[in-house]
>>> print(open('protein_20.tsv').read())   # TSV, C-alpha atoms
chain	number	residue	atom	x	y	z
A	383	MET	CA	-9.25	-17.86	10.72
A	384	ARG	CA	-6.02	-16.51	9.27
A	385	PRO	CA	-4.66	-13.08	10.20
A	386	VAL	CA	-5.17	-10.20	7.77
A	387	VAL	CA	-1.50	-9.27	7.84
A	388	VAL	CA	0.95	-12.07	8.52
A	389	ARG	CA	3.90	-9.71	9.09
A	390	PRO	CA	2.46	-6.61	10.79
A	391	LYS	CA	5.84	-4.92	11.35
A	392	VAL	CA	7.03	-5.13	7.75
A	393	GLU	CA	7.51	-1.72	6.13
A	394	LEU	CA	5.56	-0.60	3.09
A	395	GLN	CA	8.71	-0.22	1.03
A	396	THR	CA	9.66	-3.83	1.80
A	397	LEU	CA	6.28	-5.02	0.53
A	398	VAL	CA	6.67	-2.93	-2.62
A	399	ASN	CA	10.14	-4.38	-3.16
A	400	GLU	CA	8.74	-7.89	-2.79
A	401	ILE	CA	6.04	-7.19	-5.37
A	402	THR	CA	8.48	-5.67	-7.85
A	403	ASP	CA	11.11	-8.42	-7.48
A	404	SER	CA	10.60	-11.01	-10.21
A	405	GLU	CA	12.05	-13.73	-7.96
A	406	THR	CA	9.09	-13.50	-5.56
A	407	TYR	CA	6.77	-14.67	-8.34
A	408	LYS	CA	8.73	-17.92	-8.52
A	409	ILE	CA	8.30	-18.72	-4.82
A	410	THR	CA	5.13	-20.70	-4.23
A	411	GLU	CA	3.54	-20.66	-0.78
A	412	ALA	CA	1.67	-23.56	0.83
A	413	ASP	CA	-1.67	-22.38	-0.57
A	414	GLY	CA	-0.32	-22.43	-4.14
A	415	ARG	CA	-0.11	-18.67	-4.56
A	416	SER	CA	3.14	-16.81	-5.10
A	417	PHE	CA	4.99	-14.91	-2.41
A	418	ALA	CA	4.33	-11.75	-4.45
A	419	GLU	CA	0.57	-12.35	-4.27
A	420	HIS	CA	0.77	-12.61	-0.49
A	421	SER	CA	2.89	-9.45	-0.32
A	422	HIS	CA	0.36	-7.58	-2.47
A	423	GLU	CA	-2.48	-8.70	-0.22
A	424	GLN	CA	-0.57	-7.58	2.88
A	425	LEU	CA	0.26	-4.26	1.27
A	426	VAL	CA	-3.37	-3.50	0.49
A	427	ALA	CA	-4.43	-4.43	4.05
A	428	LYS	CA	-1.69	-2.27	5.56
A	429	LEU	CA	-2.62	0.69	3.34
A	430	GLN	CA	-6.29	0.31	4.26
A	431	ARG	CA	-5.34	0.53	7.92
A	432	ILE	CA	-3.12	3.59	7.39
A	433	ILE	CA	-5.79	5.31	5.31
A	434	GLY	CA	-8.45	4.56	7.93
A	435	LEU	CA	-6.32	5.94	10.76
A	436	ALA	CA	-5.37	9.06	8.80
A	437	THR	CA	-8.96	9.73	7.80
A	438	PHE	CA	-10.16	9.23	11.39
A	439	ASN	CA	-7.50	11.59	12.78
A	440	ARG	CA	-7.64	14.17	10.00
A	441	ASP	CA	-9.99	16.48	11.91
A	442	ARG	CA	-7.90	16.20	15.06
A	443	SER	CA	-4.56	17.35	13.66
A	444	GLU	CA	-3.62	20.06	11.20
A	445	THR	CA	-0.40	18.17	10.41
A	446	ILE	CA	-2.30	15.01	9.47
A	447	ASP	CA	-4.77	17.05	7.44
A	448	LYS	CA	-1.91	18.62	5.45
A	449	GLN	CA	-0.32	15.22	4.87
A	450	VAL	CA	-3.62	13.72	3.71
A	451	ARG	CA	-4.13	16.63	1.30
A	452	ARG	CA	-0.62	16.09	-0.06
A	453	LEU	CA	-1.27	12.35	-0.38
A	454	ASP	CA	-4.51	13.13	-2.23
A	455	GLU	CA	-2.40	14.95	-4.83
A	456	LEU	CA	0.25	12.23	-5.00
A	457	CYS	CA	-2.28	9.41	-5.30
A	458	GLN	CA	-4.22	11.34	-7.94
A	459	ASP	CA	-1.05	11.76	-9.99
A	460	ALA	CA	0.19	8.19	-9.43
A	461	ALA	CA	-3.04	6.18	-9.59
A	462	GLY	CA	-5.86	8.49	-10.66
A	463	VAL	CA	-7.67	8.33	-7.30
A	464	ASN	CA	-7.57	10.26	-4.04
A	465	PHE	CA	-5.88	8.96	-0.89
A	466	ASN	CA	-9.04	7.22	0.36
A	467	GLY	CA	-9.37	5.24	-2.86
A	468	PHE	CA	-5.70	4.30	-3.19
A	469	ALA	CA	-5.83	0.87	-1.51
A	470	SER	CA	-8.90	-0.10	-3.53
A	471	ARG	CA	-7.19	0.94	-6.77
A	472	LEU	CA	-4.13	-1.14	-5.90
A	473	ARG	CA	-6.34	-4.15	-5.17
A	474	GLU	CA	-8.05	-3.67	-8.55
A	475	LYS	CA	-4.73	-3.38	-10.41
A	476	GLY	CA	-3.44	-6.57	-8.84
A	477	ARG	CA	0.12	-7.41	-7.93
A	478	THR	CA	1.49	-6.78	-11.41
A	479	GLY	CA	-0.26	-3.46	-12.04
A	480	ALA	CA	0.28	-1.86	-8.66
A	481	PRO	CA	4.08	-1.42	-8.33
A	482	LYS	CA	4.52	1.62	-10.59
A	483	SER	CA	1.78	3.60	-8.84
A	484	LEU	CA	3.13	2.56	-5.48
A	485	THR	CA	6.71	3.36	-6.25
A	486	ASN	CA	5.75	6.83	-7.47
A	487	CYS	CA	3.64	7.57	-4.42
A	488	LEU	CA	6.01	6.05	-1.84
A	489	ALA	CA	9.05	7.81	-3.23
A	490	LEU	CA	7.44	11.22	-3.02
A	491	SER	CA	6.06	11.15	0.50
A	492	PRO	CA	7.70	10.69	3.92
A	493	VAL	CA	4.26	9.87	5.35
A	494	TRP	CA	4.59	6.26	4.16
A	495	LYS	CA	7.55	5.56	6.44
A	496	SER	CA	5.21	4.32	9.16
>>> encode(input="protein_20.tsv", output="structure tokens")
Amino acid sequence: MRPVVVRPKVELQTLVNEITDSETYKITEADGRSFAEHSHEQLVAKLQRIIGLATFNRDRSETIDKQVRRLDELCQDAAGVNFNGFASRLREKGRTGAPKSLTNCLALSPVWKS
């Protein structure tokens, strides 16, 4: 069984950079998929984890609740979904459709720095 996230300490911005860099599409991994595809998969998994933790802790912290509400707005503007649906939307868009939405959302919010 392979791990969900191969590089758990990699930052979200690094994954976005890997997806947006055209050179990562030229690097083929052992399973035949590009490095960008792997980065996209890791990004979605990492976002799902962050979203799950934020949703779980939303009722416990006013600060988290405010950040989630702000992220709802940002995700709605960037991807047409709320914060809870953001990872699913990125998975649907695939590695080539996701970067613009991600870049918009990541650039506007300090919450993603974790």
>>> atom_distance(input="protein_20.tsv", atom1="CA of Leu397 in chain A", atom2="CA of Ile446 in chain A")
23.6 Å
>>> atom_distance(input="protein_20.tsv", atom1="CA of Ala427 in chain A", atom2="CA of Asp459 in chain A")
21.7 Å
>>> atom_distance(input="protein_20.tsv", atom1="CA of Arg477 in chain A", atom2="CA of Ile401 in chain A")
6.5 Å
>>> closest_residue(input="protein_20.tsv", among="A:Thr410, A:Gln449, A:Ser443, A:Ser421", to="Phe465 in chain A", atoms="all atoms listed in the file")
A:Gln449
>>> residues_around(input="protein_20.tsv", residues="Phe417 in chain A", least_positions_apart="5", cutoff="9 Å", atoms="only C-alpha atoms", output="VMD selection string")
chain A and resid 400 to 401 406 to 411 422
>>> write_last_selection(input="protein_20.tsv", atoms="C-alpha atoms", output="mmCIF file, in the coordinates of the input")
data_model
loop_
_atom_site.group_PDB
_atom_site.id
_atom_site.type_symbol
_atom_site.label_atom_id
_atom_site.label_comp_id
_atom_site.auth_asym_id
_atom_site.auth_seq_id
_atom_site.Cartn_x
_atom_site.Cartn_y
_atom_site.Cartn_z
ATOM 1 C CA GLU A 400 8.740 -7.890 -2.790
ATOM 2 C CA ILE A 401 6.040 -7.190 -5.370
ATOM 3 C CA THR A 406 9.090 -13.500 -5.560
ATOM 4 C CA TYR A 407 6.770 -14.670 -8.340
ATOM 5 C CA LYS A 408 8.730 -17.920 -8.520
ATOM 6 C CA ILE A 409 8.300 -18.720 -4.820
ATOM 7 C CA THR A 410 5.130 -20.700 -4.230
ATOM 8 C CA GLU A 411 3.540 -20.660 -0.780
ATOM 9 C CA HIS A 422 0.360 -7.580 -2.470
#
>>> decode(input="protein_20.tsv", residues="range 431-481 of chain A", atoms="N, CA and C atoms", output="PDB file, in the first residue's frame")
ATOM      1  N   ARG A 431      -6.996  17.129   3.767  1.00  0.00           N
ATOM      2  CA  ARG A 431      -6.636  17.035   5.182  1.00  0.00           C
ATOM      3  C   ARG A 431      -6.823  18.385   5.874  1.00  0.00           C
ATOM      4  N   ILE A 432      -6.349  19.452   5.266  1.00  0.00           N
ATOM      5  CA  ILE A 432      -6.491  20.794   5.837  1.00  0.00           C
ATOM      6  C   ILE A 432      -7.967  21.164   5.982  1.00  0.00           C
ATOM      7  N   ILE A 433      -8.744  20.891   4.956  1.00  0.00           N
ATOM      8  CA  ILE A 433     -10.171  21.202   4.981  1.00  0.00           C
ATOM      9  C   ILE A 433     -10.865  20.408   6.079  1.00  0.00           C
ATOM     10  N   GLY A 434     -10.530  19.132   6.198  1.00  0.00           N
ATOM     11  CA  GLY A 434     -11.123  18.299   7.248  1.00  0.00           C
ATOM     12  C   GLY A 434     -10.803  18.806   8.641  1.00  0.00           C
ATOM     13  N   LEU A 435      -9.550  19.166   8.869  1.00  0.00           N
ATOM     14  CA  LEU A 435      -9.146  19.690  10.180  1.00  0.00           C
ATOM     15  C   LEU A 435      -9.823  21.027  10.477  1.00  0.00           C
ATOM     16  N   ALA A 436      -9.884  21.894   9.500  1.00  0.00           N
ATOM     17  CA  ALA A 436     -10.515  23.202   9.701  1.00  0.00           C
ATOM     18  C   ALA A 436     -12.003  23.051   9.983  1.00  0.00           C
ATOM     19  N   THR A 437     -12.657  22.183   9.244  1.00  0.00           N
ATOM     20  CA  THR A 437     -14.083  21.955   9.442  1.00  0.00           C
ATOM     21  C   THR A 437     -14.345  21.367  10.824  1.00  0.00           C
ATOM     22  N   PHE A 438     -13.520  20.417  11.232  1.00  0.00           N
ATOM     23  CA  PHE A 438     -13.658  19.780  12.543  1.00  0.00           C
ATOM     24  C   PHE A 438     -13.472  20.791  13.670  1.00  0.00           C
ATOM     25  N   ASN A 439     -12.523  21.704  13.515  1.00  0.00           N
ATOM     26  CA  ASN A 439     -12.191  22.662  14.574  1.00  0.00           C
ATOM     27  C   ASN A 439     -12.931  23.991  14.465  1.00  0.00           C
ATOM     28  N   ARG A 440     -13.745  24.135  13.469  1.00  0.00           N
ATOM     29  CA  ARG A 440     -14.448  25.399  13.231  1.00  0.00           C
ATOM     30  C   ARG A 440     -15.302  25.833  14.422  1.00  0.00           C
ATOM     31  N   ASP A 441     -16.004  24.896  15.029  1.00  0.00           N
ATOM     32  CA  ASP A 441     -16.867  25.208  16.168  1.00  0.00           C
ATOM     33  C   ASP A 441     -16.080  25.480  17.442  1.00  0.00           C
ATOM     34  N   ARG A 442     -14.833  25.101  17.466  1.00  0.00           N
ATOM     35  CA  ARG A 442     -14.010  25.221  18.667  1.00  0.00           C
ATOM     36  C   ARG A 442     -13.219  26.524  18.738  1.00  0.00           C
ATOM     37  N   SER A 443     -13.139  27.239  17.638  1.00  0.00           N
ATOM     38  CA  SER A 443     -12.309  28.441  17.600  1.00  0.00           C
ATOM     39  C   SER A 443     -12.936  29.511  16.705  1.00  0.00           C
ATOM     40  N   GLU A 444     -13.104  30.689  17.270  1.00  0.00           N
ATOM     41  CA  GLU A 444     -13.649  31.799  16.496  1.00  0.00           C
ATOM     42  C   GLU A 444     -12.686  32.209  15.380  1.00  0.00           C
ATOM     43  N   THR A 445     -11.389  32.116  15.657  1.00  0.00           N
ATOM     44  CA  THR A 445     -10.376  32.463  14.654  1.00  0.00           C
ATOM     45  C   THR A 445     -10.469  31.530  13.451  1.00  0.00           C
ATOM     46  N   ILE A 446     -10.575  30.238  13.713  1.00  0.00           N
ATOM     47  CA  ILE A 446     -10.692  29.266  12.618  1.00  0.00           C
ATOM     48  C   ILE A 446     -11.988  29.498  11.860  1.00  0.00           C
ATOM     49  N   ASP A 447     -13.067  29.765  12.577  1.00  0.00           N
ATOM     50  CA  ASP A 447     -14.347  30.018  11.926  1.00  0.00           C
ATOM     51  C   ASP A 447     -14.247  31.218  10.981  1.00  0.00           C
ATOM     52  N   LYS A 448     -13.603  32.291  11.422  1.00  0.00           N
ATOM     53  CA  LYS A 448     -13.425  33.472  10.565  1.00  0.00           C
ATOM     54  C   LYS A 448     -12.585  33.144   9.336  1.00  0.00           C
ATOM     55  N   GLN A 449     -11.525  32.364   9.539  1.00  0.00           N
ATOM     56  CA  GLN A 449     -10.668  31.990   8.410  1.00  0.00           C
ATOM     57  C   GLN A 449     -11.418  31.117   7.416  1.00  0.00           C
ATOM     58  N   VAL A 450     -12.225  30.191   7.920  1.00  0.00           N
ATOM     59  CA  VAL A 450     -12.998  29.320   7.027  1.00  0.00           C
ATOM     60  C   VAL A 450     -14.014  30.147   6.245  1.00  0.00           C
ATOM     61  N   ARG A 451     -14.659  31.104   6.908  1.00  0.00           N
ATOM     62  CA  ARG A 451     -15.608  31.968   6.191  1.00  0.00           C
ATOM     63  C   ARG A 451     -14.903  32.771   5.100  1.00  0.00           C
ATOM     64  N   ARG A 452     -13.713  33.267   5.406  1.00  0.00           N
ATOM     65  CA  ARG A 452     -12.929  34.007   4.406  1.00  0.00           C
ATOM     66  C   ARG A 452     -12.533  33.088   3.246  1.00  0.00           C
ATOM     67  N   LEU A 453     -12.123  31.870   3.585  1.00  0.00           N
ATOM     68  CA  LEU A 453     -11.754  30.903   2.545  1.00  0.00           C
ATOM     69  C   LEU A 453     -12.958  30.503   1.705  1.00  0.00           C
ATOM     70  N   ASP A 454     -14.146  30.452   2.319  1.00  0.00           N
ATOM     71  CA  ASP A 454     -15.362  30.197   1.541  1.00  0.00           C
ATOM     72  C   ASP A 454     -15.498  31.246   0.439  1.00  0.00           C
ATOM     73  N   GLU A 455     -15.279  32.511   0.800  1.00  0.00           N
ATOM     74  CA  GLU A 455     -15.369  33.597  -0.183  1.00  0.00           C
ATOM     75  C   GLU A 455     -14.297  33.464  -1.265  1.00  0.00           C
ATOM     76  N   LEU A 456     -13.059  33.223  -0.830  1.00  0.00           N
ATOM     77  CA  LEU A 456     -11.951  33.112  -1.786  1.00  0.00           C
ATOM     78  C   LEU A 456     -12.147  31.943  -2.742  1.00  0.00           C
ATOM     79  N   CYS A 457     -12.543  30.808  -2.205  1.00  0.00           N
ATOM     80  CA  CYS A 457     -12.742  29.618  -3.043  1.00  0.00           C
ATOM     81  C   CYS A 457     -13.915  29.818  -3.991  1.00  0.00           C
ATOM     82  N   GLN A 458     -14.955  30.501  -3.512  1.00  0.00           N
ATOM     83  CA  GLN A 458     -16.102  30.780  -4.372  1.00  0.00           C
ATOM     84  C   GLN A 458     -15.674  31.647  -5.553  1.00  0.00           C
ATOM     85  N   ASP A 459     -14.872  32.667  -5.263  1.00  0.00           N
ATOM     86  CA  ASP A 459     -14.391  33.553  -6.328  1.00  0.00           C
ATOM     87  C   ASP A 459     -13.420  32.840  -7.269  1.00  0.00           C
ATOM     88  N   ALA A 460     -12.533  32.021  -6.714  1.00  0.00           N
ATOM     89  CA  ALA A 460     -11.472  31.392  -7.507  1.00  0.00           C
ATOM     90  C   ALA A 460     -11.927  30.147  -8.253  1.00  0.00           C
ATOM     91  N   ALA A 461     -12.830  29.361  -7.625  1.00  0.00           N
ATOM     92  CA  ALA A 461     -13.169  28.065  -8.220  1.00  0.00           C
ATOM     93  C   ALA A 461     -14.664  27.798  -8.320  1.00  0.00           C
ATOM     94  N   GLY A 462     -15.485  28.702  -7.803  1.00  0.00           N
ATOM     95  CA  GLY A 462     -16.928  28.521  -7.898  1.00  0.00           C
ATOM     96  C   GLY A 462     -17.508  27.533  -6.904  1.00  0.00           C
ATOM     97  N   VAL A 463     -16.757  27.215  -5.856  1.00  0.00           N
ATOM     98  CA  VAL A 463     -17.240  26.319  -4.794  1.00  0.00           C
ATOM     99  C   VAL A 463     -16.822  26.893  -3.441  1.00  0.00           C
ATOM    100  N   ASN A 464     -17.459  26.390  -2.371  1.00  0.00           N
ATOM    101  CA  ASN A 464     -17.035  26.830  -1.047  1.00  0.00           C
ATOM    102  C   ASN A 464     -15.772  26.077  -0.631  1.00  0.00           C
ATOM    103  N   PHE A 465     -15.257  26.423   0.527  1.00  0.00           N
ATOM    104  CA  PHE A 465     -14.015  25.841   1.040  1.00  0.00           C
ATOM    105  C   PHE A 465     -14.082  24.317   1.104  1.00  0.00           C
ATOM    106  N   ASN A 466     -15.211  23.776   1.579  1.00  0.00           N
ATOM    107  CA  ASN A 466     -15.336  22.316   1.696  1.00  0.00           C
ATOM    108  C   ASN A 466     -15.263  21.604   0.354  1.00  0.00           C
ATOM    109  N   GLY A 467     -15.687  22.250  -0.702  1.00  0.00           N
ATOM    110  CA  GLY A 467     -15.680  21.625  -2.019  1.00  0.00           C
ATOM    111  C   GLY A 467     -14.448  21.916  -2.857  1.00  0.00           C
ATOM    112  N   PHE A 468     -13.514  22.678  -2.295  1.00  0.00           N
ATOM    113  CA  PHE A 468     -12.357  23.131  -3.070  1.00  0.00           C
ATOM    114  C   PHE A 468     -11.466  21.987  -3.550  1.00  0.00           C
ATOM    115  N   ALA A 469     -11.127  21.052  -2.670  1.00  0.00           N
ATOM    116  CA  ALA A 469     -10.253  19.931  -3.059  1.00  0.00           C
ATOM    117  C   ALA A 469     -10.917  19.080  -4.143  1.00  0.00           C
ATOM    118  N   SER A 470     -12.214  18.847  -3.992  1.00  0.00           N
ATOM    119  CA  SER A 470     -12.932  18.058  -5.001  1.00  0.00           C
ATOM    120  C   SER A 470     -12.932  18.763  -6.353  1.00  0.00           C
ATOM    121  N   ARG A 471     -13.103  20.081  -6.348  1.00  0.00           N
ATOM    122  CA  ARG A 471     -13.094  20.838  -7.595  1.00  0.00           C
ATOM    123  C   ARG A 471     -11.727  20.755  -8.271  1.00  0.00           C
ATOM    124  N   LEU A 472     -10.664  20.839  -7.461  1.00  0.00           N
ATOM    125  CA  LEU A 472      -9.317  20.750  -8.026  1.00  0.00           C
ATOM    126  C   LEU A 472      -9.057  19.368  -8.609  1.00  0.00           C
ATOM    127  N   ARG A 473      -9.576  18.333  -7.954  1.00  0.00           N
ATOM    128  CA  ARG A 473      -9.422  16.974  -8.477  1.00  0.00           C
ATOM    129  C   ARG A 473     -10.148  16.860  -9.815  1.00  0.00           C
ATOM    130  N   GLU A 474     -11.356  17.434  -9.891  1.00  0.00           N
ATOM    131  CA  GLU A 474     -12.136  17.406 -11.131  1.00  0.00           C
ATOM    132  C   GLU A 474     -11.428  18.141 -12.270  1.00  0.00           C
ATOM    133  N   LYS A 475     -10.837  19.295 -11.951  1.00  0.00           N
ATOM    134  CA  LYS A 475     -10.177  20.102 -12.981  1.00  0.00           C
ATOM    135  C   LYS A 475      -8.902  19.447 -13.491  1.00  0.00           C
ATOM    136  N   GLY A 476      -8.309  18.596 -12.682  1.00  0.00           N
ATOM    137  CA  GLY A 476      -7.072  17.946 -13.094  1.00  0.00           C
ATOM    138  C   GLY A 476      -5.883  18.870 -12.950  1.00  0.00           C
ATOM    139  N   ARG A 477      -4.715  18.330 -13.229  1.00  0.00           N
ATOM    140  CA  ARG A 477      -3.478  19.079 -12.983  1.00  0.00           C
ATOM    141  C   ARG A 477      -3.329  20.296 -13.880  1.00  0.00           C
ATOM    142  N   THR A 478      -3.942  20.280 -15.049  1.00  0.00           N
ATOM    143  CA  THR A 478      -3.794  21.423 -15.951  1.00  0.00           C
ATOM    144  C   THR A 478      -4.846  22.500 -15.710  1.00  0.00           C
ATOM    145  N   GLY A 479      -5.975  22.143 -15.143  1.00  0.00           N
ATOM    146  CA  GLY A 479      -7.033  23.123 -14.895  1.00  0.00           C
ATOM    147  C   GLY A 479      -6.999  23.748 -13.520  1.00  0.00           C
ATOM    148  N   ALA A 480      -6.279  23.144 -12.613  1.00  0.00           N
ATOM    149  CA  ALA A 480      -6.275  23.596 -11.225  1.00  0.00           C
ATOM    150  C   ALA A 480      -5.388  24.799 -10.911  1.00  0.00           C
ATOM    151  N   PRO A 481      -4.242  24.979 -11.539  1.00  0.00           N
ATOM    152  CA  PRO A 481      -3.298  26.012 -11.091  1.00  0.00           C
ATOM    153  C   PRO A 481      -3.842  27.431 -10.965  1.00  0.00           C
TER     154      PRO A 481
END
